[in-house]
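Colleague: Just my_file_36.pdb, nothing more (PDB, C-alpha atoms, pLDDT in the B column):
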```
ATOM      1  CA  MET S 352     -71.525 -20.401 -23.045  1.00 63.00           C
ATOM      2  CA  ALA S 353     -70.079 -18.058 -20.440  1.00 71.00           C
ATOM      3  CA  LYS S 354     -72.432 -15.683 -18.753  1.00 78.00           C
ATOM      4  CA  LYS S 355     -71.884 -12.077 -19.815  1.00 76.00           C
ATOM      5  CA  ARG S 356     -71.834  -9.321 -17.258  1.00 80.00           C
ATOM      6  CA  GLN S 357     -72.369  -5.639 -17.757  1.00 78.00           C
ATOM      7  CA  LEU S 358     -69.512  -3.135 -17.549  1.00 76.00           C
ATOM      8  CA  ASN S 359     -69.939   0.632 -17.317  1.00 82.00           C
ATOM      9  CA  VAL S 360     -66.974   2.590 -18.674  1.00 79.00           C
ATOM     10  CA  ARG S 361     -66.245   6.294 -19.019  1.00 85.00           C
ATOM     11  CA  LEU S 362     -64.324   7.225 -22.180  1.00 79.00           C
ATOM     12  CA  SER S 363     -62.841  10.493 -23.382  1.00 84.00           C
ATOM     13  CA  ASP S 364     -64.728  12.251 -26.167  1.00 84.00           C
ATOM     14  CA  ALA S 365     -61.905  11.575 -28.651  1.00 82.00           C
ATOM     15  CA  LEU S 366     -61.817   7.856 -27.855  1.00 81.00           C
ATOM     16  CA  LEU S 367     -65.606   7.604 -27.969  1.00 82.00           C
ATOM     17  CA  ASP S 368     -65.630   9.370 -31.368  1.00 85.00           C
ATOM     18  CA  ARG S 369     -63.109   6.869 -32.747  1.00 85.00           C
ATOM     19  CA  LEU S 370     -65.128   3.972 -31.358  1.00 83.00           C
ATOM     20  CA  GLU S 371     -68.352   5.304 -32.878  1.00 87.00           C
ATOM     21  CA  GLU S 372     -66.582   5.693 -36.273  1.00 87.00           C
ATOM     22  CA  ARG S 373     -65.540   2.042 -36.172  1.00 85.00           C
ATOM     23  CA  VAL S 374     -69.034   0.942 -35.224  1.00 82.00           C
ATOM     24  CA  GLN S 375     -70.503   2.866 -38.166  1.00 88.00           C
ATOM     25  CA  LYS S 376     -67.911   1.509 -40.633  1.00 86.00           C
ATOM     26  CA  THR S 377     -68.444  -2.115 -39.589  1.00 85.00           C
ATOM     27  CA  LYS S 378     -72.190  -1.807 -39.003  1.00 86.00           C
ATOM     28  CA  MET S 379     -71.783  -3.593 -35.661  1.00 82.00           C
ATOM     29  CA  GLY S 380     -73.335  -2.721 -32.357  1.00 85.00           C
ATOM     30  CA  MET S 381     -71.367  -0.695 -29.821  1.00 83.00           C
ATOM     31  CA  ALA S 382     -71.297  -3.539 -27.250  1.00 81.00           C
ATOM     32  CA  ALA S 383     -70.097  -6.094 -29.832  1.00 82.00           C
ATOM     33  CA  MET S 384     -67.335  -3.752 -31.043  1.00 81.00           C
ATOM     34  CA  VAL S 385     -66.112  -3.050 -27.498  1.00 82.00           C
ATOM     35  CA  GLU S 386     -66.109  -6.777 -26.739  1.00 82.00           C
ATOM     36  CA  ILE S 387     -64.062  -7.555 -29.876  1.00 83.00           C
ATOM     37  CA  LEU S 388     -61.552  -4.763 -29.206  1.00 82.00           C
ATOM     38  CA  LEU S 389     -61.095  -5.739 -25.552  1.00 80.00           C
ATOM     39  CA  THR S 390     -60.704  -9.417 -26.405  1.00 81.00           C
ATOM     40  CA  HIS S 391     -58.129  -8.589 -29.077  1.00 78.00           C
ATOM     41  CA  ALA S 392     -56.186  -6.278 -26.748  1.00 76.00           C
ATOM     42  CA  LEU S 393     -56.163  -8.820 -23.919  1.00 77.00           C
ATOM     43  CA  GLN S 394     -54.996 -11.621 -26.236  1.00 79.00           C
ATOM     44  CA  GLN S 395     -52.103  -9.469 -27.449  1.00 75.00           C
ATOM     45  CA  ASP S 396     -51.244  -8.534 -23.879  1.00 65.00           C
ATOM     46  CA  MET S 397     -51.139 -12.194 -22.853  1.00 68.00           C
ATOM     47  CA  ALA S 398     -49.000 -13.090 -25.880  1.00 65.00           C
ATOM     48  CA  THR S 399     -46.232 -10.760 -24.722  1.00 61.00           C
ATOM     49  CA  PRO S 400     -45.097 -11.857 -21.267  1.00 60.00           C
ATOM     50  CA  LEU S 401     -44.493  -9.160 -18.725  1.00 57.00           C
ATOM     51  CA  ALA S 402     -40.926  -8.805 -17.546  1.00 55.00           C
ATOM     52  CA  GLN S 403     -40.452  -9.947 -14.003  1.00 63.00           C
ATOM     53  CA  PRO S 404     -39.240  -7.206 -11.637  1.00 66.00           C
ATOM     54  CA  GLU S 405     -36.032  -9.175 -11.011  1.00 70.00           C
ATOM     55  CA  ASP S 406     -35.350  -9.374 -14.766  1.00 72.00           C
ATOM     56  CA  ARG S 407     -35.928  -5.654 -15.130  1.00 75.00           C
ATOM     57  CA  TYR S 408     -33.634  -4.982 -12.177  1.00 76.00           C
ATOM     58  CA  ASP S 409     -30.878  -7.139 -13.697  1.00 77.00           C
ATOM     59  CA  GLU S 410     -31.280  -5.424 -17.066  1.00 79.00           C
ATOM     60  CA  LEU S 411     -31.045  -1.971 -15.499  1.00 79.00           C
ATOM     61  CA  LEU S 412     -28.047  -3.007 -13.409  1.00 80.00           C
ATOM     62  CA  LYS S 413     -26.208  -4.215 -16.533  1.00 81.00           C
ATOM     63  CA  ARG S 414     -26.968  -0.952 -18.317  1.00 80.00           C
ATOM     64  CA  ILE S 415     -25.713   1.082 -15.348  1.00 82.00           C
ATOM     65  CA  GLU S 416     -22.499  -0.949 -15.208  1.00 80.00           C
ATOM     66  CA  ALA S 417     -21.949  -0.430 -18.949  1.00 77.00           C
ATOM     67  CA  ILE S 418     -22.438   3.323 -18.560  1.00 79.00           C
ATOM     68  CA  GLU S 419     -20.046   3.425 -15.604  1.00 77.00           C
ATOM     69  CA  ALA S 420     -17.430   1.538 -17.647  1.00 76.00           C
ATOM     70  CA  LYS S 421     -17.773   4.047 -20.494  1.00 75.00           C
ATOM     71  CA  LEU S 422     -17.432   6.941 -18.063  1.00 77.00           C
ATOM     72  CA  ALA S 423     -14.315   5.377 -16.540  1.00 73.00           C
ATOM     73  CA  ASP S 424     -12.816   4.992 -20.028  1.00 71.00           C
ATOM     74  CA  GLY S 425     -13.701   8.621 -20.731  1.00 68.00           C
ATOM     75  CA  ASP S 426     -11.964   9.733 -17.520  1.00 66.00           C
ATOM     76  CA  ARG S 427      -8.804   7.836 -18.520  1.00 67.00           C
ATOM     77  CA  PHE S 428      -8.994   9.375 -22.003  1.00 64.00           C
ATOM     78  CA  LEU S 429      -9.371  12.870 -20.539  1.00 66.00           C
ATOM     79  CA  GLN S 430      -6.464  12.349 -18.148  1.00 66.00           C
ATOM     80  CA  GLU S 431      -4.268  11.225 -21.074  1.00 65.00           C
ATOM     81  CA  GLU S 432      -5.391  14.235 -23.139  1.00 62.00           C
ATOM     82  CA  ILE S 433      -4.700  16.646 -20.275  1.00 62.00           C
ATOM     83  CA  SER S 434      -1.243  15.143 -19.695  1.00 59.00           C
ATOM     84  CA  SER S 435      -0.317  15.293 -23.389  1.00 56.00           C
ATOM     85  CA  THR S 436      -1.677  18.849 -23.630  1.00 54.00           C
ATOM     86  CA  GLU S 437       0.429  19.964 -20.675  1.00 53.00           C
ATOM     87  CA  VAL S 438       3.516  18.495 -22.343  1.00 49.00           C
ATOM     88  CA  GLU S 439       2.666  20.142 -25.684  1.00 50.00           C
ATOM     89  CA  VAL S 440       2.119  23.507 -24.004  1.00 49.00           C
ATOM     90  CA  ALA S 441       5.406  23.232 -22.108  1.00 48.00           C
ATOM     91  CA  ILE S 442       7.291  22.304 -25.299  1.00 49.00           C
ATOM     92  CA  ALA S 443       5.546  24.888 -27.462  1.00 50.00           C
ATOM     93  CA  SER S 444       5.959  27.828 -25.067  1.00 49.00           C
ATOM     94  CA  PRO S 445       8.219  30.370 -26.780  1.00 53.00           C
ATOM     95  CA  SER S 446      11.157  31.940 -25.004  1.00 51.00           C
ATOM     96  CA  ILE S 447      11.307  35.695 -24.383  1.00 53.00           C
ATOM     97  CA  GLU S 448      13.958  36.031 -27.117  1.00 55.00           C
ATOM     98  CA  ASP S 449      11.705  34.243 -29.630  1.00 55.00           C
ATOM     99  CA  VAL S 450       8.806  36.574 -28.816  1.00 52.00           C
ATOM    100  CA  ALA S 451      11.014  39.657 -29.156  1.00 52.00           C
ATOM    101  CA  THR S 452      12.369  38.448 -32.517  1.00 56.00           C
ATOM    102  CA  GLU S 453       8.860  37.711 -33.785  1.00 56.00           C
ATOM    103  CA  ASN S 454       7.598  41.142 -32.695  1.00 53.00           C
ATOM    104  CA  LYS S 455      10.502  42.892 -34.405  1.00 54.00           C
ATOM    105  CA  SER S 456      10.058  40.980 -37.674  1.00 53.00           C
ATOM    106  CA  ALA S 457       6.298  41.496 -37.552  1.00 51.00           C
ATOM    107  CA  ASN S 458       6.725  45.264 -37.288  1.00 52.00           C
ATOM    108  CA  GLU S 459       9.180  45.265 -40.185  1.00 51.00           C
ATOM    109  CA  SER S 460       7.057  43.160 -42.527  1.00 48.00           C
ATOM    110  CA  GLU S 461       3.713  43.970 -44.065  1.00 45.00           C
ATOM    111  CA  LYS S 462       0.840  44.113 -41.617  1.00 47.00           C
ATOM    112  CA  GLU S 463      -1.198  40.946 -42.152  1.00 46.00           C
ATOM    113  CA  ILE S 464      -3.890  39.746 -39.832  1.00 44.00           C
ATOM    114  CA  PRO S 465      -3.289  36.022 -39.540  1.00 48.00           C
ATOM    115  CA  LEU S 466      -5.833  33.591 -38.189  1.00 50.00           C
ATOM    116  CA  LYS S 467      -5.618  33.213 -34.466  1.00 50.00           C
ATOM    117  CA  LYS S 468      -3.444  30.206 -33.731  1.00 51.00           C
ATOM    118  CA  ILE S 469      -5.350  27.816 -31.527  1.00 51.00           C
ATOM    119  CA  SER S 470      -3.622  26.113 -28.662  1.00 52.00           C
ATOM    120  CA  PRO S 471      -5.160  22.897 -27.319  1.00 50.00           C
ATOM    121  CA  ILE S 472      -6.720  24.702 -24.378  1.00 56.00           C
ATOM    122  CA  ASP S 473      -8.265  27.707 -26.191  1.00 80.00           C
ATOM    123  CA  ALA S 474     -12.049  27.800 -26.289  1.00 87.00           C
ATOM    124  CA  LEU S 475     -14.060  29.938 -28.672  1.00 91.00           C
ATOM    125  CA  SER S 476     -17.460  31.516 -28.222  1.00 91.00           C
ATOM    126  CA  LEU S 477     -20.236  30.987 -30.737  1.00 92.00           C
ATOM    127  CA  GLU S 478     -19.480  34.294 -32.458  1.00 93.00           C
ATOM    128  CA  GLU S 479     -15.743  33.583 -32.629  1.00 92.00           C
ATOM    129  CA  LEU S 480     -16.282  30.170 -34.198  1.00 92.00           C
ATOM    130  CA  VAL S 481     -18.856  31.591 -36.641  1.00 94.00           C
ATOM    131  CA  ASN S 482     -16.217  34.087 -37.813  1.00 94.00           C
ATOM    132  CA  ARG S 483     -13.515  31.424 -37.978  1.00 93.00           C
ATOM    133  CA  LEU S 484     -15.602  28.951 -39.966  1.00 93.00           C
ATOM    134  CA  LYS S 485     -17.262  31.702 -42.039  1.00 94.00           C
ATOM    135  CA  VAL S 486     -20.771  30.328 -41.494  1.00 94.00           C
ATOM    136  CA  GLU S 487     -24.067  31.756 -40.252  1.00 94.00           C
ATOM    137  CA  VAL S 488     -24.944  31.723 -36.541  1.00 93.00           C
ATOM    138  CA  ARG S 489     -28.111  29.792 -37.358  1.00 94.00           C
ATOM    139  CA  THR S 490     -26.119  27.100 -39.179  1.00 93.00           C
ATOM    140  CA  LEU S 491     -23.681  26.650 -36.290  1.00 93.00           C
ATOM    141  CA  ASN S 492     -26.544  26.459 -33.786  1.00 93.00           C
ATOM    142  CA  GLN S 493     -28.221  23.762 -35.872  1.00 93.00           C
ATOM    143  CA  LYS S 494     -25.058  21.677 -36.208  1.00 93.00           C
ATOM    144  CA  LYS S 495     -23.387  22.049 -32.783  1.00 92.00           C
ATOM    145  CA  ASP S 496     -25.356  19.314 -30.951  1.00 90.00           C
ATOM    146  CA  LYS S 497     -25.154  16.703 -33.721  1.00 91.00           C
ATOM    147  CA  SER S 498     -22.750  13.774 -33.666  1.00 90.00           C
ATOM    148  CA  THR S 499     -21.336  14.865 -37.029  1.00 92.00           C
ATOM    149  CA  PHE S 500     -20.444  18.364 -35.810  1.00 93.00           C
ATOM    150  CA  SER S 501     -16.694  17.783 -35.343  1.00 92.00           C
ATOM    151  CA  ALA S 502     -16.227  16.429 -38.860  1.00 93.00           C
ATOM    152  CA  TRP S 503     -18.386  19.215 -40.317  1.00 94.00           C
ATOM    153  CA  ALA S 504     -16.453  21.913 -38.428  1.00 92.00           C
ATOM    154  CA  LYS S 505     -13.124  20.404 -39.523  1.00 92.00           C
ATOM    155  CA  LYS S 506     -14.171  20.736 -43.188  1.00 93.00           C
ATOM    156  CA  HIS S 507     -15.012  24.414 -42.674  1.00 93.00           C
ATOM    157  CA  ASP S 508     -12.038  25.342 -40.476  1.00 92.00           C
ATOM    158  CA  PRO S 509      -9.252  27.115 -42.400  1.00 91.00           C
ATOM    159  CA  GLU S 510      -6.619  25.065 -40.543  1.00 89.00           C
ATOM    160  CA  GLY S 511      -8.621  21.818 -40.652  1.00 90.00           C
ATOM    161  CA  ILE S 512      -9.192  21.802 -36.892  1.00 89.00           C
ATOM    162  CA  ALA S 513     -12.087  19.718 -35.587  1.00 91.00           C
ATOM    163  CA  TRP S 514     -14.226  21.388 -32.927  1.00 91.00           C
ATOM    164  CA  GLN S 515     -16.447  20.101 -30.147  1.00 92.00           C
ATOM    165  CA  TYR S 516     -19.273  21.975 -28.428  1.00 92.00           C
ATOM    166  CA  ASN S 517     -19.364  22.040 -24.619  1.00 90.00           C
ATOM    167  CA  ASP S 518     -22.954  22.786 -23.605  1.00 87.00           C
ATOM    168  CA  VAL S 519     -22.073  23.234 -19.922  1.00 88.00           C
ATOM    169  CA  GLU S 520     -19.644  26.083 -20.667  1.00 87.00           C
ATOM    170  CA  ASP S 521     -21.470  27.133 -23.873  1.00 89.00           C
ATOM    171  CA  CYS S 522     -18.249  27.263 -25.885  1.00 92.00           C
ATOM    172  CA  PHE S 523     -16.301  25.305 -28.488  1.00 92.00           C
ATOM    173  CA  TYR S 524     -13.024  23.467 -27.920  1.00 90.00           C
ATOM    174  CA  PRO S 525     -10.555  22.312 -30.575  1.00 90.00           C
ATOM    175  CA  LEU S 526     -10.003  18.578 -30.676  1.00 85.00           C
ATOM    176  CA  ALA S 527      -6.477  17.164 -30.580  1.00 70.00           C
ATOM    177  CA  VAL S 528      -5.150  16.379 -34.033  1.00 56.00           C
TER     178      VAL S 528
END
```
Let me see the file written as structure tokens.

Modeller:
Amino acid sequence: MAKKRQLNVRLSDALLDRLEERVQKTKMGMAAMVEILLTHALQQDMATPLAQPEDRYDELLKRIEAIEAKLADGDRFLQEEISSTEVEVAIASPSIEDVATENKSANESEKEIPLKKISPIDALSLEELVNRLKVEVRTLNQKKDKSTFSAWAKKHDPEGIAWQYNDVEDCFYPLAV
């Protein structure tokens, strides 16, 4: 039988209270309970091997490379979106004659307040999007950071436009259809 040595340990009040509860429930002595708990904890610790620093380094390196690849794909996606948006804006820009004709016909017809047409580069503030979607500020604040926000906003948008929140600029951008 191995010789037992004494160990003095300082425990927090909360931990000591939990230990004393266990001792009372099991009707064991404090020293026996501590020995059992330590033995159990050490056996579990030995059953799960510690990751070697090199393994951890390799794992982290792989994760970093995966993140960098996703960011690179995102950059390519953004460049494509910017290019297509520039083309759409150039094509969709009305001529001076078109604007004059529209203004004249608008003055002649009944005064209606149409929804603001959104171009791909227009951003809306929280209040503007609340008015557009006809929802409460609290609701929009709860939804804006969730992964389902774009689909939710699209359902509520009168033109079926999906929106994305930009936390850096604290505004909402329409997503390309």

Colleague: In Å, with one decimal, what is the gap from CA of Val488 in chain S to CA of Ser476 in chain S?

Modeller: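 CA of Ser476 in chain S lies 11.2 Å from CA of Val488 in chain S.
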
Colleague: Tell me, as a list in words, which residues lie within 12 Å of Val360 in chain S, counting all atoms listed in the file; anything in the same chain fewer than 5 positions away does not count.

Modeller: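 Once the nearby chain positions are removed, what remains is Leu366, Leu367, Ala382 and Val385 of chain S.
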
Colleague: Looking at all atoms listed in the file, which of S:Leu422, S:Val481, S:Ala474, S:Leu362 is the one that sits closest to Gln515 in chain S?

Modeller: S:Ala474

Colleague: When the PyMOL selection byres ((chain S and resi 496-501) around 10) is applied to the file above, which residues end up in the set, as a list in words?

Modeller: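 Here the PyMOL selection byres ((chain S and resi 496-501) around 10) matches Leu491, Asn492, Gln493, Lys494, Lys495, Ala502, Trp503, Ala504, Lys505, Lys506, Ile512, Ala513, Trp514, Gln515, Tyr516, Asn517, Asp518, Pro525 and Leu526 of chain S.
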
Colleague: Which residues would end up in the selection if the PyMOL selection byres ((chain S and resi 384) around 12) were applied here, given that I need the answer as a count of residues only?

Modeller: 23

Colleague: Can you work out the spacing between CA of Phe523 in chain S and CA of Glu419 in chain S in Å, to one decimal?

Modeller: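 Computing the Euclidean distance for CA of Phe523 in chain S and CA of Glu419 in chain S yields 25.7 Å.
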
Colleague: Find the smallest box with edges along x, y and z containing every listed atom of range 384-389 of chain S, then add 6 Å on each side and report centre and edge lengths in Å to one decimal, as lines of an AutoDock Vina configuration file.

Modeller:
```
center_x = -64.2
center_y = -5.3
center_z = -28.3
size_x = 18.2
size_y = 16.5
size_z = 17.5
```
